[in-house]
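K.L.:
What follows is the file entry37.cif, containing mmCIF, C-alpha atoms:
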data_entry
loop_
_atom_site.label_atom_id
_atom_site.label_comp_id
_atom_site.auth_asym_id
_atom_site.auth_seq_id
_atom_site.Cartn_x
_atom_site.Cartn_y
_atom_site.Cartn_z
CA CYS A 24 0.00 0.00 0.00
CA LEU A 25 3.00 2.29 0.13
CA SER A 26 2.58 3.24 -3.54
CA LEU A 27 -1.00 4.48 -3.12
CA PRO A 28 -1.66 8.21 -2.75
CA SER A 29 -2.39 9.54 0.73
CA ASN A 30 -5.83 10.75 -0.40
CA PHE A 31 -8.22 9.96 -3.21
CA THR A 32 -11.76 11.04 -4.10
CA LEU A 33 -14.55 9.09 -5.76
CA THR A 34 -17.47 10.90 -7.41
CA MET A 35 -20.41 9.18 -5.77
CA PRO A 36 -24.19 9.54 -6.28
CA PRO A 37 -25.91 12.12 -4.07
CA ILE A 38 -26.66 11.17 -0.47
CA MET A 39 -30.21 9.87 -0.16
CA ASN A 40 -32.65 9.92 2.75
CA GLN A 41 -34.12 6.55 3.64
CA GLY A 42 -37.05 8.20 5.38
CA GLY A 43 -38.94 5.99 7.82
CA GLU A 44 -37.86 2.73 6.20
CA GLY A 45 -34.90 0.57 7.18
CA SER A 46 -33.63 0.71 3.60
CA CYS A 47 -30.02 1.77 4.28
CA VAL A 48 -28.66 -1.50 2.85
CA ALA A 49 -30.61 -1.04 -0.39
CA LEU A 50 -29.49 2.59 -0.67
CA ALA A 51 -25.85 1.64 -0.10
CA VAL A 52 -25.97 -1.22 -2.62
CA ILE A 53 -27.71 0.79 -5.34
CA ASN A 54 -25.30 3.69 -4.85
CA ALA A 55 -22.37 1.30 -5.27
CA ARG A 56 -23.97 -0.18 -8.40
CA SER A 57 -24.92 3.28 -9.72
CA PHE A 58 -21.30 4.38 -9.19
CA GLU A 59 -20.13 1.40 -11.23
CA GLN A 60 -22.60 2.26 -14.01
CA TYR A 61 -21.52 5.92 -13.92
CA ASN A 62 -17.90 4.91 -14.47
CA ARG A 63 -18.69 2.21 -17.03
CA THR A 64 -20.57 4.72 -19.22
CA ASN A 65 -18.12 7.60 -18.66
CA ALA A 66 -20.96 9.77 -17.36
CA SER A 67 -20.26 13.27 -16.11
CA VAL A 68 -23.32 13.66 -13.89
CA TYR A 69 -25.62 11.48 -11.78
CA SER A 70 -29.31 11.54 -12.66
CA THR A 71 -32.35 9.56 -11.56
CA SER A 72 -33.44 9.55 -15.20
CA THR A 73 -30.25 7.96 -16.55
CA ASN A 74 -27.84 6.28 -14.15
CA ILE A 75 -29.17 6.06 -10.59
CA LEU A 76 -30.75 2.69 -9.91
CA SER A 77 -33.83 1.88 -7.84
CA PRO A 78 -33.57 1.25 -4.09
CA GLU A 79 -37.35 0.61 -4.17
CA PHE A 80 -36.80 -2.38 -6.47
CA LEU A 81 -34.08 -3.80 -4.23
CA PHE A 82 -35.49 -3.06 -0.77
CA ASN A 83 -39.04 -4.21 -1.44
CA GLN A 84 -37.76 -7.62 -2.50
CA THR A 85 -35.20 -8.05 0.29
CA LYS A 86 -36.91 -6.48 3.32
CA SER A 87 -36.75 -8.63 6.41
CA ASP A 88 -40.37 -8.01 7.46
CA ALA A 89 -43.63 -6.33 6.48
CA TYR A 90 -42.76 -3.33 8.68
CA CYS A 91 -39.96 -2.18 6.36
CA SER A 92 -37.51 -2.31 9.26
CA GLY A 93 -34.39 -3.55 7.50
CA SER A 94 -32.71 -5.98 5.14
CA SER A 95 -29.58 -8.09 4.86
CA LEU A 96 -26.52 -6.99 2.91
CA LEU A 97 -25.78 -10.49 1.58
CA THR A 98 -29.42 -11.08 0.58
CA SER A 99 -29.40 -7.74 -1.26
CA LEU A 100 -26.13 -8.47 -3.06
CA ASP A 101 -27.41 -11.94 -4.03
CA LEU A 102 -30.51 -10.34 -5.57
CA VAL A 103 -28.32 -8.01 -7.65
CA VAL A 104 -26.32 -11.02 -8.88
CA ASN A 105 -29.45 -13.03 -9.73
CA LYS A 106 -31.94 -10.37 -10.87
CA GLY A 107 -30.09 -7.04 -11.14
CA ILE A 108 -31.70 -3.69 -10.32
CA CYS A 109 -33.99 -1.61 -12.51
CA THR A 110 -33.51 2.12 -12.93
CA TRP A 111 -34.88 4.78 -10.61
CA ALA A 112 -36.87 6.18 -13.53
CA SER A 113 -38.60 2.81 -13.92
CA MET A 114 -39.35 2.34 -10.19
CA PRO A 115 -38.84 5.55 -8.15
CA TYR A 116 -38.07 5.33 -4.44
CA THR A 117 -40.65 6.25 -1.85
CA SER A 118 -40.19 5.84 1.89
CA THR A 119 -43.89 5.35 2.53
CA GLY A 120 -44.16 1.57 2.28
CA CYS A 121 -42.37 -1.48 1.00
CA SER A 122 -45.12 -3.68 -0.44
CA LEU A 123 -44.90 -2.64 -4.11
CA MET A 124 -43.23 -5.45 -6.08
CA PRO A 125 -41.64 -5.00 -9.50
CA ASN A 126 -43.65 -5.77 -12.62
CA THR A 127 -42.42 -7.76 -15.62
CA THR A 128 -41.05 -4.66 -17.38
CA GLN A 129 -39.02 -3.65 -14.32
CA LEU A 130 -37.73 -7.21 -13.82
CA ASN A 131 -36.68 -7.40 -17.47
CA GLU A 132 -34.90 -4.04 -17.24
CA ALA A 133 -33.14 -5.11 -14.03
CA ALA A 134 -31.41 -7.95 -15.90
CA ASN A 135 -29.36 -5.26 -17.68
CA TYR A 136 -27.87 -4.16 -14.34
CA LYS A 137 -26.81 -7.47 -12.80
CA ILE A 138 -23.39 -7.94 -11.24
CA ALA A 139 -21.36 -11.07 -11.89
CA SER A 140 -20.25 -11.47 -8.28
CA TYR A 141 -19.17 -9.69 -5.12
CA SER A 142 -16.48 -10.31 -2.56
CA ARG A 143 -15.73 -9.52 1.05
CA ILE A 144 -12.84 -7.52 2.45
CA LEU A 145 -11.89 -7.91 6.07
CA LYS A 146 -12.49 -4.71 8.02
CA GLY A 147 -8.94 -4.73 9.35
CA ASP A 148 -7.33 -5.03 5.91
CA GLN A 149 -6.66 -1.34 5.32
CA CYS A 150 -4.45 -2.04 2.32
CA ALA A 151 -7.22 -3.98 0.55
CA ILE A 152 -9.75 -1.26 1.38
CA LYS A 153 -7.50 1.51 0.07
CA THR A 154 -6.59 -0.51 -3.04
CA MET A 155 -10.25 -1.11 -3.90
CA LEU A 156 -11.12 2.56 -3.51
CA TYR A 157 -8.12 3.66 -5.56
CA SER A 158 -9.22 1.14 -8.22
CA LYS A 159 -12.57 2.97 -8.38
CA ARG A 160 -14.49 0.19 -6.67
CA ALA A 161 -17.14 1.34 -4.20
CA LEU A 162 -17.31 -0.53 -0.91
CA VAL A 163 -20.54 -1.28 0.95
CA SER A 164 -20.28 -1.78 4.70
CA THR A 165 -22.53 -2.43 7.66
CA PHE A 166 -21.65 -1.25 11.15
CA THR A 167 -23.06 -0.62 14.61
CA ILE A 168 -24.43 2.85 15.35
CA ASP A 169 -25.88 4.50 18.45
CA ASP A 170 -27.65 7.67 19.54
CA ASN A 171 -24.43 9.72 19.17
CA PHE A 172 -24.39 8.76 15.49
CA ARG A 173 -28.13 9.28 14.96
CA ASN A 174 -28.02 12.77 16.52
CA ALA A 175 -24.80 13.95 14.88
CA GLY A 176 -24.85 17.29 13.10
CA ALA A 177 -22.53 19.03 10.69
CA GLY A 178 -18.90 18.82 11.76
CA TYR A 179 -19.57 16.23 14.46
CA ILE A 180 -16.88 13.57 14.85
CA TRP A 181 -18.31 10.34 16.19
CA SER A 182 -15.79 8.96 18.68
CA SER A 183 -17.66 6.99 21.33
CA PHE A 184 -20.73 4.80 21.78
CA SER A 185 -23.70 5.92 23.84
CA THR A 186 -27.11 4.24 24.05
CA ASN A 187 -29.48 2.35 21.77
CA PRO A 188 -27.13 0.38 19.51
CA GLY A 189 -28.40 -0.54 16.05
CA ALA A 190 -27.17 -1.45 12.59
CA HIS A 191 -26.59 0.80 9.60
CA ALA A 192 -25.13 0.48 6.09
CA LEU A 193 -23.24 2.90 3.87
CA VAL A 194 -21.26 2.97 0.69
#
Output the structure of this file as structure tokens.
P.N.:
Amino acid sequence: CLSLPSNFTLTMPPIMNQGGEGSCVALAVINARSFEQYNRTNASVYSTSTNILSPEFLFNQTKSDAYCSGSSLLTSLDLVVNKGICTWASMPYTSTGCSLMPNTTQLNEAANYKIASYSRILKGDQCAIKTMLYSKRALVSTFTIDDNFRNAGAGYIWSSFSTNPGAHALV
């Protein structure tokens, strides 16, 4: 890792609000896949009409319960391998329910955005993490959060755990 630069920036899709749903895994996965599509097509801008994919498509099929409270990262990645993800324009995201399932048109479109596979990187392998980012590969991660994280504002540096632990995902 000594030959990698000390800093590097990836142009990622805009940050999205999951609203009242536990759709952070879906948002992280679609942003990683949208980033890949952005680079593959040499795009210069992110747009829900062209290259941002649908978290609605992914979350509604991988949610862990009828209450829209969360989903599994591995289940979500497996769905992207097997079915893909349709575009945002085809199935826009709403945070008001997770019962809408994709129709045949959306399922057919999703096949165009499959991934061949995914792999894991150990959280302690900083060299692998830095190498992947420098290679323009987005990383999706899950981690434990708490009230300090949930209540953080601009400029806040999260440095200790407080109460109410929970899970969260990001890209």
K.L.:
Using the chain letters and numbers from the file, give me the residues hit by the PyMOL selection byres ((chain A and resi 44) around 7), as a list in words.
P.N.:
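Written out, the selection comes to Gln41, Gly42, Gly43, Gly45, Ser46, Cys91, Ser92 and Ser118 of chain A.
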K.L.:
One decimal, Å: what's the distance from atom CA of A:Pro125 over to atom CA of A:Asn83, could you say?
P.N.:
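Here the two named atoms are 8.5 Å from each other.
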K.L.:
Spell out the residues picked by the PyMOL selection byres ((chain A and resi 123) around 9) here, as a VMD selection string.
P.N.:
chain A and resid 79 to 80 83 to 84 120 to 122 124 to 125
K.L.:
Rank A:Ser164, A:Asn171, A:Ser158, A:Asn105 by their smallest atom-to-atom distance to A:Asn187, using all atoms listed in the file, and report the top residue only.
P.N.:
A:Asn171
K.L.:
May I have the residues within 7 Å of A:Cys24 as JSON, numbers by chain, using all atoms listed in the file and disregarding those fewer than 2 positions away in the same chain?
P.N.:
{"A": [26, 27, 150]}
K.L.:
Quick one, how far is atom CA of A:Asp101 from atom CA of A:Ile53?
P.N.:
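It comes out at 12.8 Å.
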K.L.:
Enumerate, as a PyMOL selection string, the residues matched when the PyMOL selection byres ((chain A and resi 56-61) around 7) is run on the file above.
P.N.:
chain A and resi 35-36+52-55+62-66+74-76
K.L.:
Just the number, please: distance in Å from atom CA of A:Met114 to atom CA of A:Gln129, one decimal.
P.N.:
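Between atom CA of A:Met114 and atom CA of A:Gln129 the gap works out to 7.3 Å.
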K.L.:
Is there a way to get, as an MDAnalysis selection string, all residues within 12 Å of the point (-26.5, 12.2, 17.9) in file coordinates, counting all atoms listed in the file?
P.N.:
chainID A and resid 168:188
K.L.:
Point out the residue among A:Leu100, A:Phe82, A:Asn30, A:Thr71 with the least atom-to-atom distance to A:Ser113, counting only C-alpha atoms.
P.N.:
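Closest to A:Ser113, using only C-alpha atoms: A:Thr71.
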K.L.:
Report as an MDAnalysis selection string all protein, DNA and RNA residues lying within 8 Å of A:Ala192, evaluated on only C-alpha atoms, omitting residues in the same chain fewer than 2 positions from it.
P.N.:
chainID A and resid 47:48 51 163:166 190 194
K.L.:
I'd like to know which of A:His191, A:Lys106, A:Lys86, A:Lys137 is closest to A:Thr167, using only C-alpha atoms.
P.N.:
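Using only C-alpha atoms, the shortest distance to A:Thr167 belongs to A:His191.
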K.L.:
Would you mind listing what lies within 7 Å of A:Ile138 as a list in words, with only C-alpha atoms counted and same-chain residues fewer than 6 positions away left out?
P.N.:
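Near A:Ile138, the qualifying residues are Val103, Val104 and Gly107 of chain A.
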K.L.:
Using all atoms listed in the file, pick whichever of A:Leu162, A:Ser77, A:Leu156, A:Met39 has the shortest atom-to-atom distance to A:Tyr116.
P.N.:
A:Ser77
